[in-house]
Amino acid sequence: MPNYTIHVVSHTHWDREWYMPFERHRRRLVRLLDTLLDAFERNPDFKHFHLDGQSIILADYLEIRPQNQGQLHDAVETGKLAVGPWYVQHDEFLTSGEATIRNLMQGLRVAEFFGEALMVGYLPDAFGHISQMPQILQGFGIDTAVFGRGINRWDEEADSADDPEAQGYKSELRWQAPDGSEVLGVFLANWYNNAMAIPTDPDEAAEFVRKARDACAKYATTSHLLLMNGADHIPVQLDVPEAIRAADESLADDRVLHSSITAHIEGLKAEVSRLQVKSGEMRHEYSDGWRTLANTLSTRLHQKRANWQCQLRLEQWAEPFGAFAWLLGGADESDMLRHAWKVLLENHPHDSICGCSTDAVHQEMDVRFLKCQQIADQVTHDARKAIADAVDTSGAPEDAAALVVFNPLNVARQDMVVAEVDFPEDEEFDEVLVEDAEGNETPAALEEDLGVVWDYELPELEFRRSFKRRRVRIAFIANVPPCGCAVYYVSPAELEEDWSEEEELKRIRGMRVFENESMLVEIAPDGTLGVEQLSGPARFLGLNLFQDSMDIGDAYMYRAPEQDEVLLPDPSMVEIEPVAANEVYVRYEVYHTIDLPQYLGRQVRRRGGPLALTSQLTLPKGSPRLEVRTIFENTHNNHRLRVLFPTDVESEHASADGQFDILRRRIVPHRNWTNPSNCQPQQRFVDVSGEQYGLTIANRGLPEYEILRDDRNTIALTLLRCVGQIGDWGVFPTPGAQCHGWHAAEYAIIPHAGALEASGAHAEARKFNAPLEAVQTGVHGGRLPAQTTFLSVTPERLVLSAVKKCERDDSLIVRVYNPFDTPAHGVVQSLFPIQRAYRTNLNEERQEELSVGSDGAVRLQVGRKRIVTLELALER
């Protein structure tokens, strides 16, 4: 047996909120840090404590003990206390890639205020790991990740004939991102509590450490072993120096020391040579599937939708248009946006955003989501108003209202926009005429007359003003350049005598087929949909089929009872009704009813009764996507509602939008997998494609899907999952997780020809995820033309991920990524002349200067699956 260096690391794993709400957990946190700071002062042999890799703990503590800030500074500066690099221990799959970057930026900012930050990607308890985590960590200069989930431990006897990964992994490995970025991976194969409560009796200490040593050695590739002295929320073991000394004296061939994560990694790096390689994401795909915690993807789905909305408002609207308004001479909103991100990040810990905490925790989360959205919406409102005030609208026809339509994507859009427009309160009309700045009429419809409304405005240098206006909601088709805006004029009009929407609805009532220039939709008598792509081979039947089943699991895992009955809507109760047919879109409503039977199990009970669902089907003019909004009131317990899309496409893989990636996942799991369910995470869409055609299902804040093993490769999208307990280690009732009340699920059906990359369906999913938005402005001159592109990023298959003011300078940060396997030649141009350009790391630190062409463009190669961040110094 070799001589081992045994690194004992005192630590805590601090779930900020979980089985108790935040303030009750913080009460224990204050006691822990009080005790720890006292130990540092009184006992020089207590050398180090690892504070779980997250720096929000310091802020939480100092809100109660501000007088101890100096002691924390001293502890961090002297290396006794390891803090950062994260702000919170987040869930990687339920938060966006940008949120992960902001988590590290904020975590490092706080940690470096106190001293040197821990530069290790410490992820002990995340419920799996995203594919691009190695690239993200390397983007911050972090070359090591320590993690505890996602892969199997090494097993010499495992059957790995057809797949070496099935044999599992040793404690040290190379973890590679899809672009080839790599970090040293330290797998906590014996978990993060493998040395909790070491006894101080010499014989007992020696026996304890010997057993822990042998358990670690089974998976080790070097002589350096990691013993984690701590666990969830437990007090500091103050006598650990005595225990370590006793063990060290008894184990003559080994060295036992009170150590740190950093010292352990330094020892590993000095010895590691050939290591196993793990590529991409870690989702326990070689396990039996019963302990993956996968169905946290759908627990308390209303909060997943709220999180999606907050991320969208910050990433796509507040940050980029706030930056553009600043470049035009407006206010710098960076501090306010940083605060909004901090509020949102407080909802991103894995036990919070995953929905697996007590109801009190999730009630607090609702308030944080509201606060974040209020900030993002206000910054967006102010920024877009400032931009609209700078746009030339002097060409408006008489009595017309001026709108400025905004597009946050680096893709030119011809899309439907819905806007509220104000006219004088005595104005009377039945229809609207919408024209672009050149006087070209565009399809438009008056959706709803909202009547005379009271509102107010807050002028910069005057007292608040209230007013009354006649307000209408309109829809029209807009052409908007990428990452820019376009002017449209709205004039009152009268209905054409030879046409009315009411008469058109009468004409098509009873008809179940409608189409636009891109697709044909047929509603079957049972309420399911047939969708046909008019310009290609894609044709699908039986789409939008609802399915309900019992769930006797918990917040972590879906579990069906042995005698489960999968229920479908009653075809005899389906009703189909056209509700809108105008120049902009056709809309049908389909009414479904699922009769849920009573269930009386030992631990789970459900009263029976109907579940009524209304699907609004909207097909905008020219759009290649059918948009669906399904509304329902849930009054039932312990069930899961999904909507199914049979593809009948022959493929062994599905593609899903992820964090800076489009992931290709095999549909049939490894033979180790015995769980009938195999749900997976997504961001904006999931796709199943064959050689000739495919089907993309886009979503707004619905992160769980499954490809059913039904010989049809059916896409199942989870709309609701209701459970009554947390699960895991205790009995914690969660009536709030039954999700009673009204819900609205939004998704889009996008049939396409060819493979995903070539089809453009991924861009259509991004468009659905970030609809065009409009702002009313006055009639005035302005420095900006009627059609303005603030930033151009081509080709369109590059995804624009972030546009924001730089943290360190008065410059613009632009981040793009290439989600595909083929490299792209990127071109970046700006409305504001680019004076200098730099490639930065993800922490916005300059790495190299880039040349600016004579045409003012920056050209760069964006490799396969690569994230690229630029800093642009612009002429303002």
# chains A, B, ... in the order shown; residues from 1 in each chain; ligands from 1
$ residues_around --residues "segment 465-470 of chain A" --least-positions-apart "3" --cutoff "8 Å" --atoms "only C-alpha atoms" --output "ChimeraX atom specification"
/A:422-427,450-459
$ closest_atom_pairs --of "segment 74-186 of chain A" --to "segment 344-363 of chain A" --cutoff "6 Å" --atoms "only C-alpha atoms" --output "JSON lines"
{"residue": "A:Val88", "atom": "CA", "partner": "A:Pro349", "partner_atom": "CA", "distance": 5.9}
{"residue": "A:Gln89", "atom": "CA", "partner": "A:Pro349", "partner_atom": "CA", "distance": 5.1}
{"residue": "A:His90", "atom": "CA", "partner": "A:Pro349", "partner_atom": "CA", "distance": 4.0}
{"residue": "A:Asp91", "atom": "CA", "partner": "A:His350", "partner_atom": "CA", "distance": 4.3}
$ write_last_selection --atoms "C-alpha atoms" --output "JSON list (two decimals), in the first residue's frame"
[["chain", "number", "residue", "atom", "x", "y", "z"],
["A", 88, "VAL", "CA", -24.72, 30.79, -4.71],
["A", 89, "GLN", "CA", -24.62, 27.03, -5.20],
["A", 90, "HIS", "CA", -26.99, 27.07, -8.13],
["A", 91, "ASP", "CA", -28.75, 24.46, -10.20]]
$ residues_around --residues "Tyr588 of chain A" --least-positions-apart "2" --cutoff "6 Å" --atoms "only C-alpha atoms" --output "PyMOL selection string"
chain A and resi 577-579+616-617
$ residues_around --residues "Ala158 of chain A" --least-positions-apart "3" --cutoff "7 Å" --atoms "only C-alpha atoms" --output "PyMOL selection string"
chain A and resi 155+166-167
$ write_last_selection --atoms "C-alpha atoms" --output "PDB file, in the first residue's frame"
ATOM      1  CA  ASP A 155     -16.655  -0.411 -10.826  1.00  0.00           C
ATOM      2  CA  ALA A 166     -20.639   2.465 -17.964  1.00  0.00           C
ATOM      3  CA  GLN A 167     -17.683   1.350 -15.841  1.00  0.00           C
TER       4      GLN A 167
END
$ decode --residues "segment 490-507 of chain A" --atoms "N, CA and C atoms" --output "compact mmCIF listing (two decimals), in the first residue's frame"
# COMPACT_ATOMS: atom_id res chain seq x y z
N VAL A 490 -49.74 54.16 -36.56
CA VAL A 490 -51.06 53.57 -36.37
C VAL A 490 -52.10 54.68 -36.48
N SER A 491 -53.02 54.50 -37.44
CA SER A 491 -54.07 55.49 -37.66
C SER A 491 -55.45 54.87 -37.43
N PRO A 492 -56.38 55.64 -36.87
CA PRO A 492 -57.75 55.13 -36.77
C PRO A 492 -58.32 54.87 -38.16
N ALA A 493 -59.16 53.85 -38.27
CA ALA A 493 -59.77 53.51 -39.56
C ALA A 493 -61.16 52.95 -39.32
N GLU A 494 -61.93 52.86 -40.38
CA GLU A 494 -63.26 52.28 -40.33
C GLU A 494 -63.24 50.91 -40.96
N LEU A 495 -64.14 50.04 -40.55
CA LEU A 495 -64.24 48.70 -41.12
C LEU A 495 -64.61 48.78 -42.58
N GLU A 496 -64.01 47.91 -43.37
CA GLU A 496 -64.41 47.80 -44.77
C GLU A 496 -65.82 47.24 -44.85
N GLU A 497 -66.61 47.82 -45.72
CA GLU A 497 -68.01 47.42 -45.80
C GLU A 497 -68.19 45.99 -46.28
N ASP A 498 -67.24 45.53 -47.14
CA ASP A 498 -67.40 44.19 -47.72
C ASP A 498 -66.74 43.09 -46.90
N TRP A 499 -66.26 43.41 -45.69
CA TRP A 499 -65.60 42.37 -44.89
C TRP A 499 -65.73 42.70 -43.43
N SER A 500 -65.98 41.68 -42.63
CA SER A 500 -65.92 41.84 -41.18
C SER A 500 -65.42 40.54 -40.58
N GLU A 501 -64.71 40.66 -39.48
CA GLU A 501 -64.19 39.45 -38.83
C GLU A 501 -65.33 38.57 -38.33
N GLU A 502 -66.40 39.20 -37.88
CA GLU A 502 -67.53 38.42 -37.38
C GLU A 502 -68.11 37.54 -38.48
N GLU A 503 -68.25 38.10 -39.68
CA GLU A 503 -68.77 37.31 -40.79
C GLU A 503 -67.80 36.22 -41.19
N GLU A 504 -66.52 36.52 -41.13
CA GLU A 504 -65.52 35.50 -41.47
C GLU A 504 -65.55 34.36 -40.48
N LEU A 505 -65.73 34.65 -39.21
CA LEU A 505 -65.82 33.59 -38.20
C LEU A 505 -67.07 32.73 -38.43
N LYS A 506 -68.17 33.37 -38.82
CA LYS A 506 -69.36 32.59 -39.13
C LYS A 506 -69.09 31.66 -40.30
N ARG A 507 -68.32 32.16 -41.27
CA ARG A 507 -68.05 31.35 -42.47
C ARG A 507 -67.22 30.12 -42.15
